[in-house]
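See structure below.
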Amino acid sequence: MSVTPYWELTFDADGDPAGRQRDRLLAGVSERTVRDLIVFAHGWNNDRSGATRLYDRFFAPVPRLAPAARVGYVGVVWPAMRFSDEPIPDLPRAVAAEAPRRPVLDKDTRHALLETFPGRAILVDQIARLLEQQPPEEAELEEFGRLVRLLVEVVAPGPQELFAADTVAEGVPQSEPEMFAGSSAAACEEFARALAELEASDARRDFRLPNPWDGAHELLRQATYYAMKRRAGTVGERGLGRVVGQLAAAAPGVRVHLVGHSFGARLVSFALRGLPEGVRTVKSVTLLQGAFSHYAFAARLPHDARAGGVLQGQQNRIDGPLVCCHSRHDTALGTVYPLASRMAGDSRSVAGLDLGRALGAKWGAMGHGGVQAVPGTRAYTLAKALTAKLPASGCVNVDAAAVVRRGGPPAGAHSDILHEELARLVLAAGRVR
């Protein structure tokens, strides 16, 4: 690693930590040597090497930016899946492969699916075969949707619900996602159209008729997305939140700063819900392109007075600000995310609509438009945030589009976070000097 002292903290899918790693962290963090502890949770990585490369690059400028600070570092490793065709700027091809020309499952993605959904090798093989053959019959698209549904184990609503929502409504049960309850062929066609529009816009070329099997590939990606979304919340609340509580008991003077990218942003946000009562050692939370609802912290939703965000009020558990970085160049969160979220509970068609405007208002993500519907939220450009004194509490939106801007479809700039300016923002949020 480029920094020291560094600890790794690995969790399984149920939020249970690797005991020896946790014990080394609790024994190693001392108020005599560490004043500020930065804890980073990755998003779209499915192995330790990808996660540690991200942490190594992101943490590297911190000692130079805060030379007098006594900083410790923690890299969270949790079982999240990333499709290997999703490029990550600044990371080598071994970690971020370029997208294939056809919507097929390469060996790395197959391996990731088997790791994420063990015991389903036959289903993965059947899904891969259909993506490779791309039969023209609509019935085959319906069959593809059925296989994907079996792969991710769509279950009935309840405490173990797979498709965890970021908004909740009293007395309003969450239904099975429309992408599975309705026509799989129609869902594939909607995803395909959205992807074709993104590609045409990115390449500044004429719109081409979409291939529904491109949409089928995206349907699979979004199905695994919902599984990872739920897992991130579980690991945060049952895992990281409890460990931060144990750390507060062992070293109460250490100031903790939580940082998360993509689903990792959801993970560190749910860690607030898992903190023991009275723990006030979390001094800042920085969300980098957070892949969860921009209404998650809202007490009431603009379109439904009965409902509020699943994390409503949790920002008050922070003894400091919650800083949310967002970028209009993040097309994964600006178009595909709201389309998939809309498909999770609303059967209305979006054909012919401006996806960004029509879907973004209701189904938008933190990383595209920032925290929404939370009174008192402040807004800054990245340049302003790095020169102004950030608020001591509450939600803060930071438009990071000036640096978070590189990447092609479908993800856009979603993973373009390896910038010194963002490391400086983490330090500014936590008042690390």
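All residue names refer to the structure tokens as shown: chains lettered A, B, ... in order, residues numbered from 1 in each chain, ligands numbered from 1 in order.
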
Task: Polymer residues at most 12 Å from stretch 123-133 of chain A, only C-alpha atoms, same-chain spacing of 2 or more positions, as a PyMOL selection string - done: chain A and resi 100-107+109-121+135-137+139-153+211-221

Can you pull out the residues contacting A:Cys325? Cut-off 12 Å, using only C-alpha atoms, and skip same-chain residues under 6 positions away; I want them as a compact mmCIF listing (two decimals) with N, CA and C atoms, in the first residue's frame.
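Writing the result to result-v9.txt gives the following:
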# COMPACT_ATOMS: atom_id res chain seq x y z
N VAL A 259 -15.93 6.70 3.90
CA VAL A 259 -15.93 7.05 2.49
C VAL A 259 -16.44 5.83 1.71
N GLY A 260 -17.34 6.05 0.76
CA GLY A 260 -17.84 4.94 -0.03
C GLY A 260 -18.06 5.34 -1.47
N HIS A 261 -17.76 4.41 -2.37
CA HIS A 261 -17.99 4.64 -3.80
C HIS A 261 -19.10 3.70 -4.28
N SER A 262 -20.04 4.23 -5.09
CA SER A 262 -21.08 3.42 -5.71
C SER A 262 -21.91 2.70 -4.63
N ALA A 265 -20.97 3.49 -1.12
CA ALA A 265 -21.60 4.66 -0.50
C ALA A 265 -22.85 4.23 0.26
N VAL A 285 -18.87 11.72 6.59
CA VAL A 285 -19.18 10.67 5.62
C VAL A 285 -19.12 11.31 4.24
N THR A 286 -18.34 10.71 3.33
CA THR A 286 -18.21 11.22 1.97
C THR A 286 -18.68 10.15 1.00
N LEU A 287 -19.69 10.49 0.22
CA LEU A 287 -20.27 9.55 -0.75
C LEU A 287 -19.78 9.92 -2.15
N LEU A 288 -19.09 8.99 -2.80
CA LEU A 288 -18.55 9.20 -4.14
C LEU A 288 -19.41 8.43 -5.14
N GLN A 289 -20.19 9.15 -5.93
CA GLN A 289 -21.06 8.56 -6.95
C GLN A 289 -21.94 7.46 -6.35
N GLY A 290 -22.64 7.82 -5.30
CA GLY A 290 -23.46 6.87 -4.57
C GLY A 290 -24.56 6.26 -5.41
N ALA A 291 -24.63 4.93 -5.44
CA ALA A 291 -25.61 4.20 -6.25
C ALA A 291 -26.80 3.80 -5.40
N HIS A 294 -31.62 9.15 -4.25
CA HIS A 294 -31.31 10.48 -3.73
C HIS A 294 -32.30 10.92 -2.65
N ALA A 365 -30.46 8.91 -8.52
CA ALA A 365 -29.44 8.40 -7.60
C ALA A 365 -28.63 9.53 -6.99
N MET A 366 -28.08 9.27 -5.81
CA MET A 366 -27.23 10.23 -5.11
C MET A 366 -26.12 10.76 -6.01
N GLY A 367 -25.46 9.83 -6.72
CA GLY A 367 -24.29 10.21 -7.47
C GLY A 367 -24.55 10.98 -8.74
N HIS A 368 -25.84 11.17 -9.10
CA HIS A 368 -26.15 11.95 -10.29
C HIS A 368 -26.69 13.33 -9.96
N GLY A 369 -27.48 13.43 -8.91
CA GLY A 369 -28.08 14.72 -8.57
C GLY A 369 -27.91 15.15 -7.14
N GLY A 370 -27.25 14.35 -6.31
CA GLY A 370 -27.04 14.71 -4.92
C GLY A 370 -28.22 14.37 -4.04
N VAL A 371 -28.08 14.67 -2.75
CA VAL A 371 -29.14 14.44 -1.76
C VAL A 371 -30.34 15.33 -2.09
N ALA A 379 -25.26 23.33 -1.20
CA ALA A 379 -24.74 22.91 -2.50
C ALA A 379 -23.51 23.73 -2.87
N TYR A 380 -22.47 23.03 -3.37
CA TYR A 380 -21.22 23.66 -3.77
C TYR A 380 -20.74 23.04 -5.08
N THR A 381 -19.95 23.79 -5.82
CA THR A 381 -19.12 23.18 -6.84
C THR A 381 -17.91 22.58 -6.14
N LEU A 382 -17.20 21.69 -6.81
CA LEU A 382 -16.02 21.09 -6.19
C LEU A 382 -14.98 22.16 -5.87
N ALA A 385 -16.08 24.01 -2.79
CA ALA A 385 -16.00 23.16 -1.59
C ALA A 385 -14.58 23.04 -1.08
N CYS A 395 -26.39 17.78 5.44
CA CYS A 395 -26.06 17.24 4.12
C CYS A 395 -25.48 18.33 3.23
N VAL A 396 -24.46 17.94 2.46
CA VAL A 396 -23.77 18.86 1.56
C VAL A 396 -23.63 18.20 0.20
N ASN A 397 -24.18 18.81 -0.84
CA ASN A 397 -24.01 18.31 -2.20
C ASN A 397 -22.84 19.01 -2.87
N VAL A 398 -21.97 18.23 -3.50
CA VAL A 398 -20.81 18.78 -4.20
C VAL A 398 -20.84 18.31 -5.65
N ASP A 399 -20.96 19.25 -6.57
CA ASP A 399 -20.94 18.93 -7.99
C ASP A 399 -19.49 18.68 -8.40
N ALA A 400 -19.16 17.40 -8.63
CA ALA A 400 -17.79 17.01 -8.95
C ALA A 400 -17.58 16.77 -10.44
N ALA A 401 -18.49 17.28 -11.29
CA ALA A 401 -18.42 17.01 -12.73
C ALA A 401 -17.14 17.54 -13.36
N ALA A 402 -16.48 18.50 -12.71
CA ALA A 402 -15.24 19.05 -13.27
C ALA A 402 -14.14 17.99 -13.36
N VAL A 403 -14.17 16.99 -12.46
CA VAL A 403 -13.15 15.93 -12.51
C VAL A 403 -13.76 14.56 -12.78
N VAL A 404 -14.97 14.31 -12.32
CA VAL A 404 -15.64 13.02 -12.56
C VAL A 404 -16.35 13.13 -13.90
N HIS A 414 -18.94 6.91 -13.94
CA HIS A 414 -19.31 6.38 -12.63
C HIS A 414 -18.10 6.02 -11.77
N ASP A 416 -14.90 7.14 -12.28
CA ASP A 416 -13.80 8.08 -12.47
C ASP A 416 -13.58 8.89 -11.19
N ILE A 417 -13.08 8.22 -10.15
CA ILE A 417 -12.98 8.87 -8.84
C ILE A 417 -11.55 9.00 -8.33
N GLU A 421 -8.32 15.87 -6.05
CA GLU A 421 -9.34 16.80 -5.54
C GLU A 421 -10.35 16.09 -4.65
N LEU A 422 -10.69 14.84 -4.96
CA LEU A 422 -11.65 14.12 -4.13
C LEU A 422 -11.02 13.67 -2.82
N ALA A 423 -9.75 13.34 -2.84
CA ALA A 423 -9.05 13.06 -1.58
C ALA A 423 -9.01 14.31 -0.70
N LEU A 425 -11.21 16.63 -0.71
CA LEU A 425 -12.56 16.83 -0.21
C LEU A 425 -12.84 15.97 1.02
N VAL A 426 -12.36 14.73 1.03
CA VAL A 426 -12.51 13.87 2.20
C VAL A 426 -11.86 14.50 3.41
N ALA A 429 -13.95 17.56 4.50
CA ALA A 429 -15.19 17.16 5.18
C ALA A 429 -14.93 16.78 6.62

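Note that the spacing between atom CA of A:Arg273 and atom CA of A:Leu54 amounts to 25.8 Å.
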
TODO: Could you jot down the atom CA of A:Lys384 to atom CA of A:Leu418 separation for me, Å, one decimal place?
DONE: 19.2 Å

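Coordinates place atom CA of A:Tyr6 at a distance of 16.2 Å from atom CA of A:Ala66.
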
Long-range neighbours of A:Met81 as a compact mmCIF listing (two decimals) with N, CA, C and O atoms, in the first residue's frame, 12 Å cut-off, only C-alpha atoms, 2 positions minimum in chain:
# COMPACT_ATOMS: atom_id res chain seq x y z
N ALA A 13 -21.10 -11.94 3.05
CA ALA A 13 -22.37 -11.40 2.54
C ALA A 13 -23.37 -11.11 3.66
O ALA A 13 -24.30 -10.31 3.47
N HIS A 42 -15.41 0.01 -1.15
CA HIS A 42 -15.49 -0.02 -2.61
C HIS A 42 -16.90 -0.31 -3.08
O HIS A 42 -17.79 -0.69 -2.31
N GLY A 43 -17.13 -0.14 -4.36
CA GLY A 43 -18.40 -0.47 -4.97
C GLY A 43 -18.26 -1.63 -5.92
O GLY A 43 -18.29 -2.79 -5.53
N TRP A 44 -18.04 -1.31 -7.22
CA TRP A 44 -18.01 -2.34 -8.26
C TRP A 44 -16.67 -3.03 -8.33
O TRP A 44 -15.92 -2.89 -9.28
N ASN A 45 -16.35 -3.81 -7.33
CA ASN A 45 -15.19 -4.70 -7.38
C ASN A 45 -15.63 -6.03 -6.82
O ASN A 45 -16.43 -6.08 -5.89
N ASN A 46 -15.09 -7.10 -7.35
CA ASN A 46 -15.52 -8.40 -6.86
C ASN A 46 -14.36 -9.22 -6.31
O ASN A 46 -14.49 -10.39 -6.06
N ASP A 47 -13.21 -8.60 -6.12
CA ASP A 47 -12.11 -9.32 -5.50
C ASP A 47 -11.21 -8.36 -4.73
O ASP A 47 -11.31 -7.14 -4.86
N ARG A 48 -10.36 -8.92 -3.93
CA ARG A 48 -9.51 -8.12 -3.07
C ARG A 48 -8.53 -7.27 -3.88
O ARG A 48 -8.27 -6.11 -3.54
N GLY A 50 -8.74 -5.87 -6.87
CA GLY A 50 -9.34 -4.67 -7.44
C GLY A 50 -9.61 -3.62 -6.38
O GLY A 50 -9.40 -2.42 -6.59
N ALA A 51 -10.07 -4.06 -5.20
CA ALA A 51 -10.36 -3.12 -4.12
C ALA A 51 -9.09 -2.46 -3.60
O ALA A 51 -9.04 -1.24 -3.41
N VAL A 77 -13.33 -4.69 2.38
CA VAL A 77 -13.48 -5.64 1.28
C VAL A 77 -14.75 -6.45 1.55
O VAL A 77 -14.89 -7.08 2.59
N TRP A 78 -15.66 -6.40 0.61
CA TRP A 78 -16.93 -7.13 0.77
C TRP A 78 -17.31 -7.77 -0.55
O TRP A 78 -16.84 -7.35 -1.61
N PRO A 79 -18.13 -8.81 -0.54
CA PRO A 79 -18.41 -9.58 -1.77
C PRO A 79 -19.38 -8.87 -2.70
O PRO A 79 -20.57 -9.15 -2.73
N PHE A 83 -19.35 -6.38 -13.33
CA PHE A 83 -19.22 -6.95 -14.67
C PHE A 83 -17.90 -6.50 -15.26
O PHE A 83 -17.56 -5.32 -15.22
N SER A 84 -17.16 -7.44 -15.83
CA SER A 84 -15.81 -7.12 -16.30
C SER A 84 -15.80 -6.21 -17.52
O SER A 84 -14.75 -5.68 -17.88
N ASP A 85 -16.97 -6.00 -18.15
CA ASP A 85 -16.99 -5.11 -19.32
C ASP A 85 -17.21 -3.66 -18.92
O ASP A 85 -17.35 -2.80 -19.78
N GLU A 86 -17.25 -3.37 -17.63
CA GLU A 86 -17.43 -1.99 -17.19
C GLU A 86 -16.07 -1.35 -16.96
O GLU A 86 -15.33 -1.73 -16.05
N ASP A 108 -14.46 -13.91 -17.05
CA ASP A 108 -14.37 -13.20 -15.77
C ASP A 108 -15.75 -12.91 -15.20
O ASP A 108 -15.98 -13.03 -13.99
N THR A 109 -16.69 -12.52 -16.06
CA THR A 109 -18.04 -12.26 -15.59
C THR A 109 -18.73 -13.55 -15.16
O THR A 109 -19.45 -13.58 -14.15
N ARG A 110 -18.50 -14.62 -15.91
CA ARG A 110 -19.06 -15.92 -15.49
C ARG A 110 -18.55 -16.30 -14.11
O ARG A 110 -19.31 -16.74 -13.25
N HIS A 111 -17.24 -16.14 -13.90
CA HIS A 111 -16.66 -16.47 -12.61
C HIS A 111 -17.27 -15.61 -11.51
O HIS A 111 -17.59 -16.11 -10.43
N ALA A 112 -17.45 -14.32 -11.80
CA ALA A 112 -18.03 -13.41 -10.81
C ALA A 112 -19.46 -13.82 -10.46
O ALA A 112 -19.88 -13.77 -9.29
N LEU A 113 -20.24 -14.21 -11.47
CA LEU A 113 -21.61 -14.65 -11.22
C LEU A 113 -21.64 -15.91 -10.35
O LEU A 113 -22.47 -16.03 -9.44
N LEU A 114 -20.73 -16.83 -10.61
CA LEU A 114 -20.68 -18.06 -9.81
C LEU A 114 -20.25 -17.78 -8.38
O LEU A 114 -20.71 -18.43 -7.44
N GLU A 115 -19.37 -16.80 -8.22
CA GLU A 115 -18.95 -16.41 -6.86
C GLU A 115 -20.08 -15.73 -6.13
O GLU A 115 -20.27 -15.90 -4.92
N THR A 116 -20.85 -14.92 -6.85
CA THR A 116 -21.92 -14.15 -6.24
C THR A 116 -23.14 -15.02 -5.95
O THR A 116 -23.80 -14.85 -4.93
N PHE A 117 -23.43 -15.96 -6.86
CA PHE A 117 -24.60 -16.83 -6.71
C PHE A 117 -24.13 -18.29 -6.76
O PHE A 117 -24.31 -18.96 -7.78
N ARG A 221 -27.37 -7.51 -15.68
CA ARG A 221 -26.54 -6.62 -14.86
C ARG A 221 -27.39 -5.98 -13.76
O ARG A 221 -26.98 -5.91 -12.59
N GLN A 222 -28.59 -5.50 -14.12
CA GLN A 222 -29.42 -4.81 -13.14
C GLN A 222 -30.00 -5.78 -12.11
O GLN A 222 -30.23 -5.39 -10.96
N ALA A 223 -30.24 -7.02 -12.50
CA ALA A 223 -30.71 -8.00 -11.53
C ALA A 223 -29.63 -8.26 -10.47
O ALA A 223 -29.92 -8.32 -9.27
N THR A 224 -28.39 -8.41 -10.91
CA THR A 224 -27.31 -8.59 -9.94
C THR A 224 -27.11 -7.31 -9.14
O THR A 224 -26.74 -7.35 -7.96
N TYR A 225 -27.39 -6.17 -9.78
CA TYR A 225 -27.30 -4.88 -9.09
C TYR A 225 -28.21 -4.86 -7.86
O TYR A 225 -27.80 -4.43 -6.78
N TYR A 226 -29.44 -5.34 -8.00
CA TYR A 226 -30.34 -5.32 -6.85
C TYR A 226 -29.87 -6.24 -5.74
O TYR A 226 -30.02 -5.94 -4.56
N ALA A 227 -29.28 -7.37 -6.12
CA ALA A 227 -28.73 -8.27 -5.10
C ALA A 227 -27.59 -7.59 -4.36
O ALA A 227 -27.48 -7.67 -3.13
N MET A 228 -26.71 -6.90 -5.09
CA MET A 228 -25.58 -6.21 -4.46
C MET A 228 -26.05 -5.01 -3.63
O MET A 228 -25.48 -4.69 -2.59
N LYS A 229 -27.11 -4.38 -4.08
CA LYS A 229 -27.66 -3.24 -3.36
C LYS A 229 -28.12 -3.67 -1.96
O LYS A 229 -27.79 -3.02 -0.96
N ARG A 231 -27.13 -6.37 -0.38
CA ARG A 231 -25.97 -6.85 0.36
C ARG A 231 -25.18 -5.69 0.95
O ARG A 231 -24.68 -5.78 2.08
N ALA A 232 -25.05 -4.60 0.20
CA ALA A 232 -24.32 -3.44 0.72
C ALA A 232 -24.96 -2.92 2.00
O ALA A 232 -24.27 -2.57 2.96
N SER A 262 -20.04 4.23 -5.09
CA SER A 262 -21.08 3.42 -5.71
C SER A 262 -21.91 2.70 -4.63
O SER A 262 -22.47 3.34 -3.76
N PHE A 263 -21.94 1.36 -4.65
CA PHE A 263 -22.64 0.63 -3.60
C PHE A 263 -21.92 0.78 -2.26
O PHE A 263 -22.54 0.61 -1.21
N GLY A 264 -20.62 1.05 -2.31
CA GLY A 264 -19.90 1.29 -1.07
C GLY A 264 -20.43 2.52 -0.35
O GLY A 264 -20.38 2.61 0.88

- [ ] Write out as a PyMOL selection string all residues of stretch 253-340 of chain A that DSSP puts in alpha helix (DSSP H) for this structure's backbone.
- [x] chain A and resi 263-273+331+337-340
